[in-house]
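Take a look at the structure set out below.
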Amino acid sequence: AEAQLGELKGHADFVRTVRVSEASPHVVLSGSYDHTVKLWDSNANRCVLTLTHADPVEDVAFLRGGGVVAVANGNRVTFCDLLSGGRVLQTVVAHSKTVTSLWADDDKLLSASLDHFVKFYELQQYRVTGSVRCAAPLLAAVLS
C-alpha cells in the first residue's frame, strides 16, 4: 500500500499543474484554474507564497535554479521572481490562444498553445526567438 506523504490545500478550483524544484525538492509550485500559482514548502505542508494572475493557470516552469518561474496564463507567459515575493519581471504575449504547456532547461523555454504554435524564448531578456507551426492545437511540448 502507498503512504500519503502530505496534503497541500489552498486552491479554490482545479489544479492544472504541479512542479517540484530540482534545486530544492521540498519546494513545490502548483497552478490552478483559480488564477493562482502557489509556492509550497512540502516539509511543512503549507503555502508560503501566492501569485495571482489575470487568467486560469495552465502550466508553470522553474527557471534559473528555481528563483524565477514562468507561468502560462491565458495567451501570456509571465516571468516572476520568487526571491522578491513574486515580482513580475516580464509578461510576453506571443500566442493568440491559450498557452497550454511550458518546458524549460538552463537557458531556454518553450511554450505550446492552442494556436498551433510552439514558441522558443531566450531567458536573458525573456523574448521569443523563434516558432514552429504545427498542424493542430497543442496540449503539450517537450524537447529532448
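Residues are named by chain letter and number: chains run A, B, ... in the order of the C-alpha cells, numbers start at 1 in each chain, and ligands are numbered from 1 in the order shown.
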
Mind checking which residues fall within 8 Å of Ser96 of chain A, counting only C-alpha atoms, ignoring those fewer than 2 positions away in the same chain, and posting them as a CSV table (one decimal) with C-alpha atoms, in the first residue's frame?
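Saved the output as out_19.csv:
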```
chain,number,residue,atom,x,y,z
A,75,ASN,CA,-2.3,33.7,-24.1
A,93,VAL,CA,2.1,37.8,-25.3
A,94,ALA,CA,3.3,35.7,-28.1
A,98,THR,CA,-4.3,29.8,-24.6
A,115,ASP,CA,-3.0,28.5,-31.7
```

| Backbone DSSP call of helix (DSSP H, G or I) for segment 34-95 of chain A, listed as a PyMOL selection string | chain A and resi 64-66+82-84

| request: Measure the distance from atom CA of Ala3 of chain A to atom CA of Val48 of chain A in Å and round it to one decimal. | output: 24.4 Å

Segment 9-21 of chain A environment, 8 Å, only C-alpha atoms, sequence neighbours closer than 3 positions dropped, as a CSV table (one decimal) with N, CA, C and O atoms, in the first residue's frame:
```csv
chain,number,residue,atom,x,y,z
A,24,SER,N,15.6,22.4,-4.9
A,24,SER,CA,15.1,22.1,-3.5
A,24,SER,C,13.9,21.3,-3.6
A,24,SER,O,12.8,21.8,-3.8
A,25,PRO,N,14.0,20.0,-3.5
A,25,PRO,CA,12.9,19.0,-3.7
A,25,PRO,C,11.7,19.2,-2.8
A,25,PRO,O,10.6,18.7,-3.1
A,26,HIS,N,11.9,20.0,-1.7
A,26,HIS,CA,10.7,20.2,-0.8
A,26,HIS,C,9.9,21.4,-1.2
A,26,HIS,O,8.9,21.7,-0.6
A,27,VAL,N,10.4,22.1,-2.3
A,27,VAL,CA,9.7,23.3,-2.8
A,27,VAL,C,8.9,22.9,-4.0
A,27,VAL,O,9.4,22.3,-4.9
A,28,VAL,N,7.6,23.2,-3.9
A,28,VAL,CA,6.6,22.7,-4.9
A,28,VAL,C,5.8,23.9,-5.4
A,28,VAL,O,5.5,24.8,-4.6
A,29,LEU,N,5.6,24.0,-6.7
A,29,LEU,CA,4.7,25.0,-7.3
A,29,LEU,C,3.5,24.3,-7.8
A,29,LEU,O,3.5,23.2,-8.4
A,30,SER,N,2.3,25.0,-7.7
A,30,SER,CA,1.1,24.5,-8.2
A,30,SER,C,0.4,25.6,-8.9
A,30,SER,O,0.5,26.8,-8.5
A,31,GLY,N,-0.3,25.3,-10.0
A,31,GLY,CA,-1.0,26.3,-10.8
A,31,GLY,C,-2.4,25.8,-11.0
A,31,GLY,O,-2.7,24.7,-11.2
A,32,SER,N,-3.4,26.8,-10.9
A,32,SER,CA,-4.8,26.4,-10.8
A,32,SER,C,-5.7,27.2,-11.7
A,32,SER,O,-5.3,28.4,-12.1
A,33,TYR,N,-6.8,26.7,-12.0
A,33,TYR,CA,-7.9,27.4,-12.7
A,33,TYR,C,-8.5,28.6,-11.9
A,33,TYR,O,-9.2,29.4,-12.4
A,34,ASP,N,-8.0,28.7,-10.6
A,34,ASP,CA,-8.5,29.8,-9.8
A,34,ASP,C,-7.6,31.0,-10.0
A,34,ASP,O,-7.7,32.0,-9.2
A,36,THR,N,-4.3,31.3,-9.7
A,36,THR,CA,-3.2,31.5,-8.8
A,36,THR,C,-2.1,30.4,-9.1
A,36,THR,O,-2.4,29.3,-9.5
A,46,ARG,N,2.6,23.7,3.8
A,46,ARG,CA,2.0,25.0,3.9
A,46,ARG,C,2.4,25.8,2.7
A,46,ARG,O,3.5,25.7,2.1
A,47,CYS,N,1.5,26.7,2.3
A,47,CYS,CA,1.7,27.6,1.2
A,47,CYS,C,2.6,28.8,1.7
A,47,CYS,O,2.2,29.4,2.8
A,57,VAL,N,-4.4,29.4,-14.7
A,57,VAL,CA,-3.0,29.0,-14.9
A,57,VAL,C,-3.0,27.6,-15.5
A,57,VAL,O,-3.6,26.7,-14.9
A,58,GLU,N,-2.4,27.4,-16.6
A,58,GLU,CA,-2.3,26.1,-17.3
A,58,GLU,C,-1.1,25.4,-17.0
A,58,GLU,O,-1.1,24.1,-16.9
A,59,ASP,N,0.1,26.1,-16.8
A,59,ASP,CA,1.3,25.4,-16.5
A,59,ASP,C,2.3,26.4,-15.9
A,59,ASP,O,2.1,27.6,-16.0
A,60,VAL,N,3.3,25.8,-15.2
A,60,VAL,CA,4.4,26.6,-14.6
A,60,VAL,C,5.7,25.9,-14.9
A,60,VAL,O,5.7,24.7,-15.1
A,61,ALA,N,6.8,26.6,-14.8
A,61,ALA,CA,8.1,26.0,-15.0
A,61,ALA,C,9.1,26.8,-14.2
A,61,ALA,O,9.1,28.0,-14.2
A,62,PHE,N,9.9,26.1,-13.4
A,62,PHE,CA,11.0,26.7,-12.7
A,62,PHE,C,12.1,27.1,-13.7
A,62,PHE,O,12.5,26.3,-14.5
A,66,GLY,N,15.5,27.8,-9.9
A,66,GLY,CA,14.3,27.9,-9.0
A,66,GLY,C,14.0,29.3,-8.5
A,66,GLY,O,12.9,29.4,-8.0
```

| said: If we count only C-alpha atoms and set the cut-off at 12 Å, which residues sit around Ser131 of chain A, ignoring sequence neighbours fewer than 3 positions away in its own chain? Please answer as a PyMOL selection string. | reply: chain A and resi 94-95+109-113+115-121+127-128+134

Please save N, CA and C atoms of the selected residues as an mmCIF file, in the first residue's frame.
```
data_model
loop_
_atom_site.group_PDB
_atom_site.id
_atom_site.type_symbol
_atom_site.label_atom_id
_atom_site.label_comp_id
_atom_site.auth_asym_id
_atom_site.auth_seq_id
_atom_site.Cartn_x
_atom_site.Cartn_y
_atom_site.Cartn_z
ATOM 1 N N ALA A 94 2.805 36.157 -26.856
ATOM 2 C CA ALA A 94 3.332 35.667 -28.129
ATOM 3 C C ALA A 94 2.367 34.718 -28.829
ATOM 4 N N HIS A 95 1.283 34.379 -28.170
ATOM 5 C CA HIS A 95 0.299 33.459 -28.740
ATOM 6 C C HIS A 95 -1.040 34.171 -28.889
ATOM 7 N N LEU A 109 13.329 28.331 -22.936
ATOM 8 C CA LEU A 109 11.964 27.972 -22.574
ATOM 9 C C LEU A 109 11.196 27.793 -23.865
ATOM 10 N N LEU A 110 10.272 26.851 -23.864
ATOM 11 C CA LEU A 110 9.330 26.793 -24.977
ATOM 12 C C LEU A 110 7.919 26.777 -24.424
ATOM 13 N N SER A 111 7.006 27.341 -25.217
ATOM 14 C CA SER A 111 5.584 27.340 -24.865
ATOM 15 C C SER A 111 4.804 26.731 -26.017
ATOM 16 N N ALA A 112 3.772 25.964 -25.682
ATOM 17 C CA ALA A 112 2.885 25.367 -26.675
ATOM 18 C C ALA A 112 1.493 25.929 -26.451
ATOM 19 N N SER A 113 0.736 26.066 -27.553
ATOM 20 C CA SER A 113 -0.545 26.754 -27.457
ATOM 21 C C SER A 113 -1.604 26.122 -28.339
ATOM 22 N N ASP A 115 -3.086 27.760 -30.381
ATOM 23 C CA ASP A 115 -2.991 28.459 -31.670
ATOM 24 C C ASP A 115 -2.116 27.726 -32.687
ATOM 25 N N HIS A 116 -1.692 26.492 -32.368
ATOM 26 C CA HIS A 116 -0.902 25.622 -33.243
ATOM 27 C C HIS A 116 0.595 25.914 -33.192
ATOM 28 N N PHE A 117 1.043 26.884 -32.393
ATOM 29 C CA PHE A 117 2.449 27.272 -32.380
ATOM 30 C C PHE A 117 3.189 26.796 -31.139
ATOM 31 N N VAL A 118 4.475 26.445 -31.352
ATOM 32 C CA VAL A 118 5.452 26.305 -30.288
ATOM 33 C C VAL A 118 6.359 27.519 -30.429
ATOM 34 N N LYS A 119 6.544 28.254 -29.327
ATOM 35 C CA LYS A 119 7.410 29.441 -29.331
ATOM 36 C C LYS A 119 8.640 29.146 -28.490
ATOM 37 N N PHE A 120 9.792 29.655 -28.941
ATOM 38 C CA PHE A 120 11.070 29.460 -28.263
ATOM 39 C C PHE A 120 11.525 30.805 -27.695
ATOM 40 N N TYR A 121 11.942 30.815 -26.432
ATOM 41 C CA TYR A 121 12.330 32.031 -25.723
ATOM 42 C C TYR A 121 13.775 31.933 -25.274
ATOM 43 N N ARG A 127 12.513 36.988 -24.310
ATOM 44 C CA ARG A 127 11.904 37.318 -25.591
ATOM 45 C C ARG A 127 11.847 36.083 -26.479
ATOM 46 N N VAL A 128 10.896 36.096 -27.408
ATOM 47 C CA VAL A 128 10.710 34.997 -28.343
ATOM 48 C C VAL A 128 11.769 35.108 -29.432
ATOM 49 N N CYS A 134 2.401 24.008 -36.021
ATOM 50 C CA CYS A 134 2.006 22.604 -36.108
ATOM 51 C C CYS A 134 0.632 22.501 -36.765
#
```

| task | Return the single residue from A:Glu2, A:Asp107, A:Ala135, A:Leu8 that is closest to Ala44 of chain A, with distances computed using only C-alpha atoms. | result |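 For Ala44 of chain A, the nearest of the given residues is A:Leu8.
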
| Long-range neighbours of Cys80 of chain A as a ChimeraX atom specification, 9 Å cut-off, only C-alpha atoms, 6 positions minimum in chain | /A:51,67-71,86-91

Expected file: the selected residues, all heavy atoms, as a PDB file, in the first residue's frame:
```
ATOM      1  N   LEU A  51       0.713  33.813  -6.000  1.00  0.00           N
ATOM      2  CA  LEU A  51       0.780  34.778  -7.088  1.00  0.00           C
ATOM      3  C   LEU A  51      -0.547  34.730  -7.842  1.00  0.00           C
ATOM      4  O   LEU A  51      -0.973  33.660  -8.272  1.00  0.00           O
ATOM      5  CB  LEU A  51       1.916  34.435  -8.050  1.00  0.00           C
ATOM      6  CG  LEU A  51       3.289  34.165  -7.438  1.00  0.00           C
ATOM      7  CD1 LEU A  51       4.267  33.720  -8.515  1.00  0.00           C
ATOM      8  CD2 LEU A  51       3.791  35.393  -6.725  1.00  0.00           C
ATOM      9  N   GLY A  67      14.771  30.294  -8.801  1.00  0.00           N
ATOM     10  CA  GLY A  67      14.465  31.634  -8.319  1.00  0.00           C
ATOM     11  C   GLY A  67      13.460  32.382  -9.158  1.00  0.00           C
ATOM     12  O   GLY A  67      12.805  33.313  -8.698  1.00  0.00           O
ATOM     13  N   VAL A  68      13.327  31.978 -10.422  1.00  0.00           N
ATOM     14  CA  VAL A  68      12.372  32.591 -11.345  1.00  0.00           C
ATOM     15  C   VAL A  68      11.448  31.495 -11.852  1.00  0.00           C
ATOM     16  O   VAL A  68      11.864  30.361 -12.056  1.00  0.00           O
ATOM     17  CB  VAL A  68      13.102  33.278 -12.525  1.00  0.00           C
ATOM     18  CG1 VAL A  68      12.119  33.833 -13.545  1.00  0.00           C
ATOM     19  CG2 VAL A  68      14.008  34.394 -12.012  1.00  0.00           C
ATOM     20  N   VAL A  69      10.180  31.856 -12.051  1.00  0.00           N
ATOM     21  CA  VAL A  69       9.200  30.912 -12.563  1.00  0.00           C
ATOM     22  C   VAL A  69       8.504  31.516 -13.776  1.00  0.00           C
ATOM     23  O   VAL A  69       8.283  32.727 -13.837  1.00  0.00           O
ATOM     24  CB  VAL A  69       8.173  30.520 -11.466  1.00  0.00           C
ATOM     25  CG1 VAL A  69       7.393  31.713 -10.979  1.00  0.00           C
ATOM     26  CG2 VAL A  69       7.248  29.426 -11.938  1.00  0.00           C
ATOM     27  N   ALA A  70       8.223  30.669 -14.766  1.00  0.00           N
ATOM     28  CA  ALA A  70       7.412  31.058 -15.918  1.00  0.00           C
ATOM     29  C   ALA A  70       6.010  30.516 -15.682  1.00  0.00           C
ATOM     30  O   ALA A  70       5.840  29.376 -15.241  1.00  0.00           O
ATOM     31  CB  ALA A  70       7.991  30.488 -17.207  1.00  0.00           C
ATOM     32  N   VAL A  71       4.997  31.343 -15.966  1.00  0.00           N
ATOM     33  CA  VAL A  71       3.602  30.974 -15.731  1.00  0.00           C
ATOM     34  C   VAL A  71       2.817  31.134 -17.026  1.00  0.00           C
ATOM     35  O   VAL A  71       2.801  32.220 -17.614  1.00  0.00           O
ATOM     36  CB  VAL A  71       2.973  31.864 -14.629  1.00  0.00           C
ATOM     37  CG1 VAL A  71       1.518  31.475 -14.393  1.00  0.00           C
ATOM     38  CG2 VAL A  71       3.777  31.791 -13.345  1.00  0.00           C
ATOM     39  N   GLY A  86       7.564  37.329  -5.756  1.00  0.00           N
ATOM     40  CA  GLY A  86       6.733  37.072  -6.925  1.00  0.00           C
ATOM     41  C   GLY A  86       6.648  38.241  -7.889  1.00  0.00           C
ATOM     42  O   GLY A  86       5.794  38.249  -8.779  1.00  0.00           O
ATOM     43  N   ARG A  87       7.531  39.210  -7.751  1.00  0.00           N
ATOM     44  CA  ARG A  87       7.523  40.384  -8.632  1.00  0.00           C
ATOM     45  C   ARG A  87       7.568  39.960 -10.098  1.00  0.00           C
ATOM     46  O   ARG A  87       8.347  39.094 -10.489  1.00  0.00           O
ATOM     47  CB  ARG A  87       8.717  41.272  -8.318  1.00  0.00           C
ATOM     48  CG  ARG A  87       8.817  42.533  -9.172  1.00  0.00           C
ATOM     49  CD  ARG A  87       9.979  43.405  -8.722  1.00  0.00           C
ATOM     50  NE  ARG A  87      11.268  42.765  -8.846  1.00  0.00           N
ATOM     51  CZ  ARG A  87      12.046  42.827  -9.927  1.00  0.00           C
ATOM     52  NH1 ARG A  87      11.654  43.506 -10.975  1.00  0.00           N
ATOM     53  NH2 ARG A  87      13.210  42.216  -9.942  1.00  0.00           N
ATOM     54  N   VAL A  88       6.694  40.567 -10.923  1.00  0.00           N
ATOM     55  CA  VAL A  88       6.656  40.262 -12.352  1.00  0.00           C
ATOM     56  C   VAL A  88       7.862  40.913 -13.022  1.00  0.00           C
ATOM     57  O   VAL A  88       8.048  42.135 -12.947  1.00  0.00           O
ATOM     58  CB  VAL A  88       5.338  40.741 -12.988  1.00  0.00           C
ATOM     59  CG1 VAL A  88       5.379  40.563 -14.508  1.00  0.00           C
ATOM     60  CG2 VAL A  88       4.158  39.994 -12.400  1.00  0.00           C
ATOM     61  N   LEU A  89       8.671  40.091 -13.679  1.00  0.00           N
ATOM     62  CA  LEU A  89       9.839  40.581 -14.410  1.00  0.00           C
ATOM     63  C   LEU A  89       9.476  40.967 -15.833  1.00  0.00           C
ATOM     64  O   LEU A  89       9.991  41.938 -16.376  1.00  0.00           O
ATOM     65  CB  LEU A  89      10.935  39.510 -14.430  1.00  0.00           C
ATOM     66  CG  LEU A  89      11.453  39.053 -13.076  1.00  0.00           C
ATOM     67  CD1 LEU A  89      12.375  37.853 -13.240  1.00  0.00           C
ATOM     68  CD2 LEU A  89      12.165  40.202 -12.377  1.00  0.00           C
ATOM     69  N   GLN A  90       8.582  40.165 -16.436  1.00  0.00           N
ATOM     70  CA  GLN A  90       8.206  40.393 -17.831  1.00  0.00           C
ATOM     71  C   GLN A  90       6.957  39.586 -18.133  1.00  0.00           C
ATOM     72  O   GLN A  90       6.789  38.475 -17.616  1.00  0.00           O
ATOM     73  CB  GLN A  90       9.342  39.948 -18.759  1.00  0.00           C
ATOM     74  CG  GLN A  90       9.110  40.155 -20.220  1.00  0.00           C
ATOM     75  CD  GLN A  90       9.388  41.585 -20.644  1.00  0.00           C
ATOM     76  OE1 GLN A  90      10.005  42.345 -19.913  1.00  0.00           O
ATOM     77  NE2 GLN A  90       8.913  41.958 -21.807  1.00  0.00           N
ATOM     78  N   THR A  91       6.101  40.125 -18.958  1.00  0.00           N
ATOM     79  CA  THR A  91       4.961  39.387 -19.495  1.00  0.00           C
ATOM     80  C   THR A  91       5.076  39.405 -21.005  1.00  0.00           C
ATOM     81  O   THR A  91       5.254  40.471 -21.599  1.00  0.00           O
ATOM     82  CB  THR A  91       3.622  40.010 -19.055  1.00  0.00           C
ATOM     83  OG1 THR A  91       3.531  39.946 -17.630  1.00  0.00           O
ATOM     84  CG2 THR A  91       2.445  39.262 -19.657  1.00  0.00           C
TER      85      THR A  91
END
```

| request: Using only C-alpha atoms, find the one residue out of A:Asn43, A:Ser84, A:His35, A:Leu114 that sits nearest to Ala136 of chain A. | output: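 Closest candidate: A:Leu114.
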
| From the set A:Ser101, A:Asp55, A:Ser42, A:Leu138, which residue has the shortest atom-to-atom contact distance to Glu7 of chain A, counting only C-alpha atoms? | A:Ser42

| query | So, counting only C-alpha atoms, which residue among A:Asn73, A:Leu63, A:Thr52, A:Trp40 is closest to Lys108 of chain A? | reply |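 Ranked by minimum distance to Lys108 of chain A, first place goes to A:Leu63.
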
| message | If you run DSSP on the backbone here, which positions in chain A get strand (DSSP E or B)? Please write them as a ChimeraX atom specification. | response | /A:15-20,27-32,36-41,46-52,57-63,68-73,76-81,87-93,99-104,108-113,117-122,127-133
